[in-house]
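Have a look at the structure below before the remarks.
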Amino acid sequence: MKRPDLVSAGVNLAQHSSLGIGGKADFLARIRSEEDLFRAFEFARDEKLDTFVLGRGTNVLFSDKGFRGLVLKMEPRKMYLFSNDVKELSVEAGALVSTIVGLEAESGFSGFENFAGLPGTVGGAIYGNAGCFGAEFWERMISVRYFDGENFLELKPEDFLFPFSYRSSLFKDHPNWVIISARLRIKEADPRQVAKRVKEIAGQRAERQPVGKDAGCIFKNPLRCSVRVSAGRLIDEAGLKGMRIGNAEISSVHANFFVNLGGAKASDFLELIELTKGRVLERSGILLEEEVIRVGEF
Ligand code: EPU
């Protein structure tokens with residue numbers, strides 16, 4: 001099949017990742033509509049290509065060797081539609097969570113203050129069930145529209161026993177499904193109160209988390225005696241803050257953030273991940289599980 005215009009060949013993935021790391025993808029399609037998605041899938045099916053769905057690339061580690069297949073990069077076109085009674089918001093998967101947060105004070109609604117400073121897209125936040133300062137993304141969801149490769153379908157969280165849990169979702173179990181859009185629950189609110197809360201949360205984040213080329217938290221917080229403990233604290237207690245391999249460094253601000261100081265390789269990150277797992281296991285008997293998503297061949 002002839003390559004559709006929306007598909008580019010030989011795309012450098014480093015520019016699509018917050019870490020600034022990654023080789024080339026064979027193909028990348030910028031998806032701005034359901035029709036685009038359909039055409040990209042048709043191309044992948046005809047050419048027998050693996051697919052990977054990408055938001056803003058804020059929680060991924062692309063391989064230095066890149067990705068053999070087609071990356072579907074979700075980009076927003078239509079952003080927001082309020083319902084008449086201002087109880088919900090319809091958002092495309094490629095929209096940035098920070099845009100919703102920015103809109104809150106301006107438009108007088110609340111629900112997303114805890115996500116202030118989260119760099120990713122709505123699709124990414126649903127896929128990974130993003131959590132910040134006690135809130136989880138699924139709690140705000142009314143429904144999600146998605147494509148399973150054949151049909152456009154709708155997921156309502158209440159229809160499933162456990163569609164979402166800590167940093168997990170039904171979509172993580174079905175990585176080829178594509179989240180298209182979501183209806184999110186909002187409340188009318190005093191803009192001044194909302195702005196105050198957003199400022200508070202953004203301030204806490206700036207204090208506790210580094211700024212730079214990173215991929216958010218590298219590991220999930222593990223359970224110890226049924227209670228989640230901070231992976232950052234465990235790594236810190238193992239004395240690993242500031243540890244470097246190549247130009248990948250364990251942040252001295254928050255040890256669950258690994259930073260690309262410039263020119264780091266995915267292989268440096270992988271070595272640092274393995275070293276960290278080993279040291280934390282030795283010291284605390286806990287095997288850390290990665291939150292960051294590896295893409296491509298490692
Ligand atoms: N701590 C240390 N050393 C460190 C990091 C943390 O001692 O290097 C201590 C802190 O002092 C604090 C405790 O550990 O007493 C918890 O730290 P923090 O409040 O930073 O929370 P966290 O459990 O480390 C989680 C999420 C973050 C989220 C924050 C704030 C995970 C894996 N991490 O971190 O999510 O932003 O809470 O709500 O669940 C992400 O998932 O990418 C992420 C950044």
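Ordering of the structure tokens sets the chain letters (A, B, ...), residue numbers begin anew at 1 in every chain, and ligands are numbered from 1 in the order given.
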
- Message: Using only C-alpha atoms, which protein or nucleic acid residues come within 7 Å of region 11-14 of chain A? Drop anything in the same chain fewer than 2 positions from it, and give the result as a ChimeraX atom specification.
- Response: /A:8-9,16-17,20-28,66

Based on the selection just made, write C-alpha atoms of those residues as an mmCIF file, in the first residue's frame.
```
data_model
loop_
_atom_site.group_PDB
_atom_site.id
_atom_site.type_symbol
_atom_site.label_atom_id
_atom_site.label_comp_id
_atom_site.auth_asym_id
_atom_site.auth_seq_id
_atom_site.Cartn_x
_atom_site.Cartn_y
_atom_site.Cartn_z
ATOM 1 C CA SER A 8 6.551 9.933 7.843
ATOM 2 C CA ALA A 9 9.462 7.517 7.447
ATOM 3 C CA HIS A 16 9.340 12.891 20.794
ATOM 4 C CA SER A 17 10.525 11.984 24.302
ATOM 5 C CA GLY A 20 15.530 13.385 24.639
ATOM 6 C CA ILE A 21 16.640 9.813 23.967
ATOM 7 C CA GLY A 22 15.930 7.280 21.233
ATOM 8 C CA GLY A 23 16.896 6.075 17.765
ATOM 9 C CA LYS A 24 14.680 6.220 14.692
ATOM 10 C CA ALA A 25 11.185 4.820 14.224
ATOM 11 C CA ASP A 26 10.605 3.198 10.827
ATOM 12 C CA PHE A 27 7.380 5.218 10.576
ATOM 13 C CA LEU A 28 5.479 7.828 12.585
ATOM 14 C CA GLY A 66 14.627 3.004 17.759
#
```

- Which residues, written as a PyMOL selection string, have at least one atom at most 9 Å from region 198-210 of chain A, with only C-alpha atoms counted and residues fewer than 3 positions away on the same chain left out? chain A and resi 101-102+105+112-117+133+193-195+214+216+251-254+257+259

Please produce a file of those selected residues containing all heavy atoms, as a short mmCIF file (atom, residue, chain, number, x, y, z; two decimals), in the first residue's frame.
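Output contents, as saved in out.cif:
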```
data_model
loop_
_atom_site.label_atom_id
_atom_site.label_comp_id
_atom_site.auth_asym_id
_atom_site.auth_seq_id
_atom_site.Cartn_x
_atom_site.Cartn_y
_atom_site.Cartn_z
N VAL A 101 -5.69 22.12 33.27
CA VAL A 101 -5.41 22.81 34.53
C VAL A 101 -5.42 24.33 34.31
O VAL A 101 -6.00 25.08 35.09
CB VAL A 101 -4.05 22.34 35.14
CG1 VAL A 101 -3.71 23.14 36.38
CG2 VAL A 101 -4.10 20.84 35.46
N GLY A 102 -4.82 24.76 33.21
CA GLY A 102 -4.76 26.19 32.90
C GLY A 102 -6.14 26.78 32.66
O GLY A 102 -6.40 27.94 32.95
N ALA A 105 -9.05 27.81 36.22
CA ALA A 105 -9.27 29.09 36.89
C ALA A 105 -9.96 30.06 35.93
O ALA A 105 -10.88 30.78 36.30
CB ALA A 105 -7.95 29.66 37.36
N PHE A 112 -9.01 19.22 38.59
CA PHE A 112 -7.70 18.77 38.10
C PHE A 112 -6.51 19.52 38.74
O PHE A 112 -5.39 19.39 38.28
CB PHE A 112 -7.66 18.90 36.56
CG PHE A 112 -8.58 17.92 35.92
CD1 PHE A 112 -9.91 18.23 35.71
CD2 PHE A 112 -8.13 16.64 35.60
CE1 PHE A 112 -10.79 17.30 35.18
CE2 PHE A 112 -9.00 15.70 35.07
CZ PHE A 112 -10.33 16.02 34.87
N GLU A 113 -6.80 20.23 39.85
CA GLU A 113 -5.72 21.00 40.48
C GLU A 113 -4.55 20.11 40.89
O GLU A 113 -3.39 20.50 40.77
CB GLU A 113 -6.23 21.73 41.73
CG GLU A 113 -7.36 22.70 41.48
CD GLU A 113 -8.72 22.02 41.55
OE1 GLU A 113 -9.04 21.25 40.63
OE2 GLU A 113 -9.45 22.24 42.51
N ASN A 114 -4.87 18.89 41.40
CA ASN A 114 -3.78 18.01 41.87
C ASN A 114 -2.84 17.59 40.75
O ASN A 114 -1.74 17.13 41.01
CB ASN A 114 -4.36 16.75 42.52
CG ASN A 114 -4.89 17.03 43.90
OD1 ASN A 114 -5.25 18.15 44.19
ND2 ASN A 114 -4.91 16.03 44.76
N PHE A 115 -3.29 17.77 39.51
CA PHE A 115 -2.45 17.35 38.38
C PHE A 115 -1.62 18.52 37.83
O PHE A 115 -0.98 18.39 36.79
CB PHE A 115 -3.32 16.73 37.28
CG PHE A 115 -4.06 15.51 37.75
CD1 PHE A 115 -5.38 15.57 38.15
CD2 PHE A 115 -3.40 14.29 37.84
CE1 PHE A 115 -6.05 14.46 38.64
CE2 PHE A 115 -4.05 13.16 38.32
CZ PHE A 115 -5.38 13.24 38.71
N ALA A 116 -1.63 19.64 38.54
CA ALA A 116 -0.84 20.80 38.09
C ALA A 116 0.62 20.40 37.98
O ALA A 116 1.17 19.80 38.91
CB ALA A 116 -1.00 21.96 39.07
N GLY A 117 1.21 20.67 36.86
CA GLY A 117 2.63 20.35 36.67
C GLY A 117 2.85 19.00 36.01
O GLY A 117 3.98 18.65 35.65
N PHE A 133 -0.48 13.71 44.27
CA PHE A 133 -0.94 14.30 45.52
C PHE A 133 -2.30 13.74 45.97
O PHE A 133 -3.23 14.47 46.28
CB PHE A 133 -0.97 15.84 45.40
CG PHE A 133 0.39 16.38 45.07
CD1 PHE A 133 0.76 16.64 43.75
CD2 PHE A 133 1.34 16.58 46.06
CE1 PHE A 133 2.04 17.11 43.43
CE2 PHE A 133 2.62 17.03 45.75
CZ PHE A 133 2.96 17.30 44.45
N GLN A 193 -10.18 30.38 44.31
CA GLN A 193 -9.82 29.18 45.11
C GLN A 193 -9.02 28.19 44.26
O GLN A 193 -8.05 27.60 44.72
CB GLN A 193 -11.11 28.47 45.59
CG GLN A 193 -11.90 29.24 46.61
CD GLN A 193 -11.14 29.38 47.93
OE1 GLN A 193 -10.31 28.54 48.25
NE2 GLN A 193 -11.39 30.45 48.65
N VAL A 194 -9.49 28.00 43.02
CA VAL A 194 -8.84 27.05 42.12
C VAL A 194 -7.41 27.51 41.83
O VAL A 194 -6.47 26.73 41.94
CB VAL A 194 -9.64 26.90 40.80
CG1 VAL A 194 -8.88 26.06 39.79
CG2 VAL A 194 -11.00 26.28 41.06
N ALA A 195 -7.27 28.80 41.52
CA ALA A 195 -5.94 29.32 41.20
C ALA A 195 -5.00 29.14 42.39
O ALA A 195 -3.82 28.81 42.23
CB ALA A 195 -6.04 30.79 40.81
N ASP A 214 13.73 14.41 32.04
CA ASP A 214 13.46 13.18 32.81
C ASP A 214 12.19 12.54 32.28
O ASP A 214 11.57 13.07 31.35
CB ASP A 214 13.37 13.49 34.31
CG ASP A 214 12.20 14.39 34.64
OD1 ASP A 214 11.04 13.98 34.43
OD2 ASP A 214 12.42 15.54 35.11
N GLY A 216 9.61 11.46 34.52
CA GLY A 216 8.76 11.29 35.71
C GLY A 216 9.37 10.20 36.57
O GLY A 216 10.57 9.93 36.49
N SER A 251 18.57 11.71 40.24
CA SER A 251 18.44 13.09 40.69
C SER A 251 18.75 13.22 42.18
O SER A 251 18.32 12.40 42.99
CB SER A 251 17.02 13.58 40.41
OG SER A 251 16.77 14.77 41.12
N SER A 252 19.43 14.27 42.55
CA SER A 252 19.67 14.50 43.97
C SER A 252 18.51 15.26 44.61
O SER A 252 18.48 15.45 45.81
CB SER A 252 21.00 15.20 44.20
OG SER A 252 21.14 16.22 43.27
N VAL A 253 17.52 15.65 43.80
CA VAL A 253 16.31 16.27 44.35
C VAL A 253 15.32 15.18 44.76
O VAL A 253 14.79 15.19 45.88
CB VAL A 253 15.64 17.21 43.31
CG1 VAL A 253 14.38 17.85 43.88
CG2 VAL A 253 16.62 18.25 42.81
N HIS A 254 15.06 14.23 43.88
CA HIS A 254 14.13 13.13 44.13
C HIS A 254 14.71 11.89 43.45
O HIS A 254 14.85 11.87 42.22
CB HIS A 254 12.74 13.47 43.57
CG HIS A 254 11.65 12.54 44.01
ND1 HIS A 254 11.68 11.19 43.76
CD2 HIS A 254 10.52 12.77 44.72
CE1 HIS A 254 10.59 10.63 44.27
NE2 HIS A 254 9.86 11.58 44.87
N PHE A 257 13.60 10.00 40.16
CA PHE A 257 13.72 10.67 38.85
C PHE A 257 15.15 10.47 38.36
O PHE A 257 16.09 10.75 39.11
CB PHE A 257 13.45 12.18 38.97
CG PHE A 257 12.00 12.53 39.13
CD1 PHE A 257 11.33 12.24 40.31
CD2 PHE A 257 11.31 13.17 38.11
CE1 PHE A 257 9.98 12.58 40.47
CE2 PHE A 257 9.97 13.51 38.26
CZ PHE A 257 9.31 13.21 39.45
N VAL A 259 17.80 11.62 35.43
CA VAL A 259 17.90 12.78 34.53
C VAL A 259 18.94 12.57 33.44
O VAL A 259 20.02 12.03 33.70
CB VAL A 259 18.28 14.04 35.37
CG1 VAL A 259 18.28 15.29 34.51
CG2 VAL A 259 17.32 14.21 36.54
#
```

Using only C-alpha atoms and all ligand atoms, what table do you get, as CSV, when you list each residue of chain A with an atom no more than 8 Å from ligand 1, its nearest pair of atoms, and their distance in Å rounded to one decimal, rows by chain then rising number?
```
residue,atom,partner,partner_atom_place_in_ligand_line,distance
A:Asn59,CA,ligand 1,42 (O),7.2
A:Leu118,CA,ligand 1,36 (O),7.9
A:Ala130,CA,ligand 1,41 (O),6.4
A:Gly131,CA,ligand 1,35 (O),6.0
A:Cys132,CA,ligand 1,38 (O),3.7
A:Phe133,CA,ligand 1,38 (O),3.3
A:Gly134,CA,ligand 1,38 (O),6.0
A:Ala135,CA,ligand 1,38 (O),7.9
A:Tyr166,CA,ligand 1,39 (O),7.9
A:Arg167,CA,ligand 1,39 (O),7.5
A:Arg205,CA,ligand 1,36 (O),7.0
A:Arg208,CA,ligand 1,20 (O),5.8
A:Gln209,CA,ligand 1,20 (O),7.0
A:Ala215,CA,ligand 1,42 (O),7.1
A:Gly216,CA,ligand 1,42 (O),3.8
A:Cys217,CA,ligand 1,42 (O),3.6
A:Ile218,CA,ligand 1,42 (O),6.8
A:Phe219,CA,ligand 1,32 (C),5.6
A:Lys220,CA,ligand 1,32 (C),4.1
A:Asn221,CA,ligand 1,32 (C),4.5
A:Arg228,CA,ligand 1,23 (O),8.0
A:Val229,CA,ligand 1,23 (O),6.6
A:Ser230,CA,ligand 1,23 (O),4.0
A:Ala231,CA,ligand 1,24 (O),6.0
A:Gly232,CA,ligand 1,5 (C),4.0
A:Arg233,CA,ligand 1,2 (C),3.7
A:Leu234,CA,ligand 1,3 (N),7.3
A:Ile235,CA,ligand 1,8 (O),6.8
A:Asp236,CA,ligand 1,8 (O),4.9
A:Glu237,CA,ligand 1,7 (O),7.3
A:Lys241,CA,ligand 1,8 (O),7.1
A:Ser251,CA,ligand 1,8 (O),7.7
A:Ser252,CA,ligand 1,8 (O),6.9
A:Val253,CA,ligand 1,8 (O),6.2
A:His254,CA,ligand 1,8 (O),3.6
A:Ala255,CA,ligand 1,8 (O),3.7
A:Asn256,CA,ligand 1,8 (O),6.3
A:Phe257,CA,ligand 1,44 (C),7.6
A:Glu291,CA,ligand 1,32 (C),7.2
```

- Task: Mind listing the helix (DSSP H, G or I) residues of region 67-229 of chain A, per DSSP on the backbone, as an NGL selection string?
- Result: :A and (97-107 or 113-115 or 122-127 or 137-140 or 157-159 or 170-173 or 191-208)

- Item | Residues within 10 Å of region 90-100 of chain A, only C-alpha atoms, excluding chain neighbours under 6 positions, as a PyMOL selection string | chain A and resi 31-33+54-56+73-83+109-113+115-126+142-146+178-185

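The coordinates place CA of Trp177 (chain A) at 28.8 Å from CA of Phe258 (chain A).
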
Within 8 Å of region 268-285 of chain A, counting only C-alpha atoms, which residues show up once you throw out same-chain ones fewer than 6 positions away? Write them as a PDB file with all heavy atoms, in the first residue's frame, please.
```
ATOM      1  N   LEU A 234      13.300   4.788  49.099  1.00  0.00           N
ATOM      2  CA  LEU A 234      14.096   3.548  49.156  1.00  0.00           C
ATOM      3  C   LEU A 234      15.422   3.710  48.400  1.00  0.00           C
ATOM      4  O   LEU A 234      16.469   3.254  48.852  1.00  0.00           O
ATOM      5  CB  LEU A 234      13.308   2.365  48.557  1.00  0.00           C
ATOM      6  CG  LEU A 234      12.044   1.931  49.311  1.00  0.00           C
ATOM      7  CD1 LEU A 234      11.287   0.874  48.507  1.00  0.00           C
ATOM      8  CD2 LEU A 234      12.392   1.388  50.690  1.00  0.00           C
ATOM      9  N   ILE A 235      15.363   4.381  47.246  1.00  0.00           N
ATOM     10  CA  ILE A 235      16.579   4.570  46.429  1.00  0.00           C
ATOM     11  C   ILE A 235      17.523   5.531  47.172  1.00  0.00           C
ATOM     12  O   ILE A 235      18.732   5.316  47.236  1.00  0.00           O
ATOM     13  CB  ILE A 235      16.215   5.115  45.021  1.00  0.00           C
ATOM     14  CG1 ILE A 235      15.281   4.140  44.297  1.00  0.00           C
ATOM     15  CG2 ILE A 235      17.475   5.357  44.186  1.00  0.00           C
ATOM     16  CD1 ILE A 235      14.608   4.717  43.039  1.00  0.00           C
ATOM     17  N   ALA A 238      19.243   3.884  49.941  1.00  0.00           N
ATOM     18  CA  ALA A 238      20.313   2.988  49.466  1.00  0.00           C
ATOM     19  C   ALA A 238      21.549   3.806  49.058  1.00  0.00           C
ATOM     20  O   ALA A 238      22.527   3.260  48.528  1.00  0.00           O
ATOM     21  CB  ALA A 238      19.804   2.147  48.293  1.00  0.00           C
ATOM     22  N   LEU A 240      21.887   6.203  46.718  1.00  0.00           N
ATOM     23  CA  LEU A 240      22.139   6.281  45.273  1.00  0.00           C
ATOM     24  C   LEU A 240      21.936   7.667  44.649  1.00  0.00           C
ATOM     25  O   LEU A 240      22.179   7.839  43.448  1.00  0.00           O
ATOM     26  CB  LEU A 240      21.250   5.263  44.545  1.00  0.00           C
ATOM     27  CG  LEU A 240      21.602   3.799  44.846  1.00  0.00           C
ATOM     28  CD1 LEU A 240      20.565   2.868  44.247  1.00  0.00           C
ATOM     29  CD2 LEU A 240      22.982   3.459  44.304  1.00  0.00           C
ATOM     30  N   ARG A 244      25.821   8.178  38.770  1.00  0.00           N
ATOM     31  CA  ARG A 244      25.789   8.424  37.315  1.00  0.00           C
ATOM     32  C   ARG A 244      26.297   7.239  36.537  1.00  0.00           C
ATOM     33  O   ARG A 244      27.266   6.596  36.950  1.00  0.00           O
ATOM     34  CB  ARG A 244      26.751   9.548  36.980  1.00  0.00           C
ATOM     35  CG  ARG A 244      26.127  10.880  36.874  1.00  0.00           C
ATOM     36  CD  ARG A 244      27.125  11.802  36.205  1.00  0.00           C
ATOM     37  NE  ARG A 244      26.944  13.138  36.746  1.00  0.00           N
ATOM     38  CZ  ARG A 244      27.648  14.181  36.348  1.00  0.00           C
ATOM     39  NH1 ARG A 244      28.596  14.048  35.439  1.00  0.00           N
ATOM     40  NH2 ARG A 244      27.425  15.365  36.866  1.00  0.00           N
ATOM     41  N   ILE A 245      25.651   6.976  35.397  1.00  0.00           N
ATOM     42  CA  ILE A 245      26.240   6.086  34.391  1.00  0.00           C
ATOM     43  C   ILE A 245      26.177   6.871  33.087  1.00  0.00           C
ATOM     44  O   ILE A 245      25.083   7.298  32.672  1.00  0.00           O
ATOM     45  CB  ILE A 245      25.501   4.737  34.301  1.00  0.00           C
ATOM     46  CG1 ILE A 245      25.751   3.942  35.591  1.00  0.00           C
ATOM     47  CG2 ILE A 245      25.951   3.951  33.058  1.00  0.00           C
ATOM     48  CD1 ILE A 245      25.145   2.571  35.655  1.00  0.00           C
ATOM     49  N   GLY A 246      27.333   7.071  32.467  1.00  0.00           N
ATOM     50  CA  GLY A 246      27.375   7.954  31.301  1.00  0.00           C
ATOM     51  C   GLY A 246      26.828   9.308  31.719  1.00  0.00           C
ATOM     52  O   GLY A 246      27.211   9.838  32.774  1.00  0.00           O
ATOM     53  N   ASN A 247      25.876   9.818  30.956  1.00  0.00           N
ATOM     54  CA  ASN A 247      25.280  11.101  31.333  1.00  0.00           C
ATOM     55  C   ASN A 247      23.869  10.944  31.883  1.00  0.00           C
ATOM     56  O   ASN A 247      23.074  11.885  31.846  1.00  0.00           O
ATOM     57  CB  ASN A 247      25.305  12.064  30.142  1.00  0.00           C
ATOM     58  CG  ASN A 247      26.627  12.792  30.067  1.00  0.00           C
ATOM     59  OD1 ASN A 247      27.306  12.966  31.091  1.00  0.00           O
ATOM     60  ND2 ASN A 247      27.016  13.182  28.875  1.00  0.00           N
ATOM     61  N   ALA A 248      23.563   9.734  32.402  1.00  0.00           N
ATOM     62  CA  ALA A 248      22.290   9.517  33.088  1.00  0.00           C
ATOM     63  C   ALA A 248      22.567   9.573  34.589  1.00  0.00           C
ATOM     64  O   ALA A 248      23.491   8.930  35.076  1.00  0.00           O
ATOM     65  CB  ALA A 248      21.723   8.149  32.721  1.00  0.00           C
ATOM     66  N   GLU A 249      21.757  10.373  35.301  1.00  0.00           N
ATOM     67  CA  GLU A 249      22.023  10.576  36.728  1.00  0.00           C
ATOM     68  C   GLU A 249      20.762  10.392  37.562  1.00  0.00           C
ATOM     69  O   GLU A 249      19.675  10.826  37.166  1.00  0.00           O
ATOM     70  CB  GLU A 249      22.559  12.000  36.948  1.00  0.00           C
ATOM     71  CG  GLU A 249      22.926  12.269  38.392  1.00  0.00           C
ATOM     72  CD  GLU A 249      23.396  13.698  38.623  1.00  0.00           C
ATOM     73  OE1 GLU A 249      22.536  14.601  38.656  1.00  0.00           O
ATOM     74  OE2 GLU A 249      24.616  13.906  38.756  1.00  0.00           O
ATOM     75  N   PHE A 258      15.297   9.967  37.132  1.00  0.00           N
ATOM     76  CA  PHE A 258      16.613   9.827  36.528  1.00  0.00           C
ATOM     77  C   PHE A 258      16.706  10.881  35.418  1.00  0.00           C
ATOM     78  O   PHE A 258      15.803  10.984  34.583  1.00  0.00           O
ATOM     79  CB  PHE A 258      16.807   8.425  35.918  1.00  0.00           C
ATOM     80  CG  PHE A 258      16.870   7.292  36.922  1.00  0.00           C
ATOM     81  CD1 PHE A 258      16.547   7.466  38.268  1.00  0.00           C
ATOM     82  CD2 PHE A 258      17.264   6.028  36.505  1.00  0.00           C
ATOM     83  CE1 PHE A 258      16.617   6.414  39.178  1.00  0.00           C
ATOM     84  CE2 PHE A 258      17.335   4.959  37.407  1.00  0.00           C
ATOM     85  CZ  PHE A 258      17.005   5.152  38.740  1.00  0.00           C
TER      86      PHE A 258
END
```

- From A:Gly263, A:Pro175, A:Pro163, A:Gly242, residue lying nearest Phe147 (chain A) [only C-alpha atoms]: A:Pro175

- Task: From the DSSP assignment of the backbone, select every residue of region 147-236 of chain A that is strand (DSSP E or B), and format the answer as an MDAnalysis selection string.
- Result: chainID A and resid 147 152:155 164:165 168:169 178:185 187:188 219 223:224 227:228
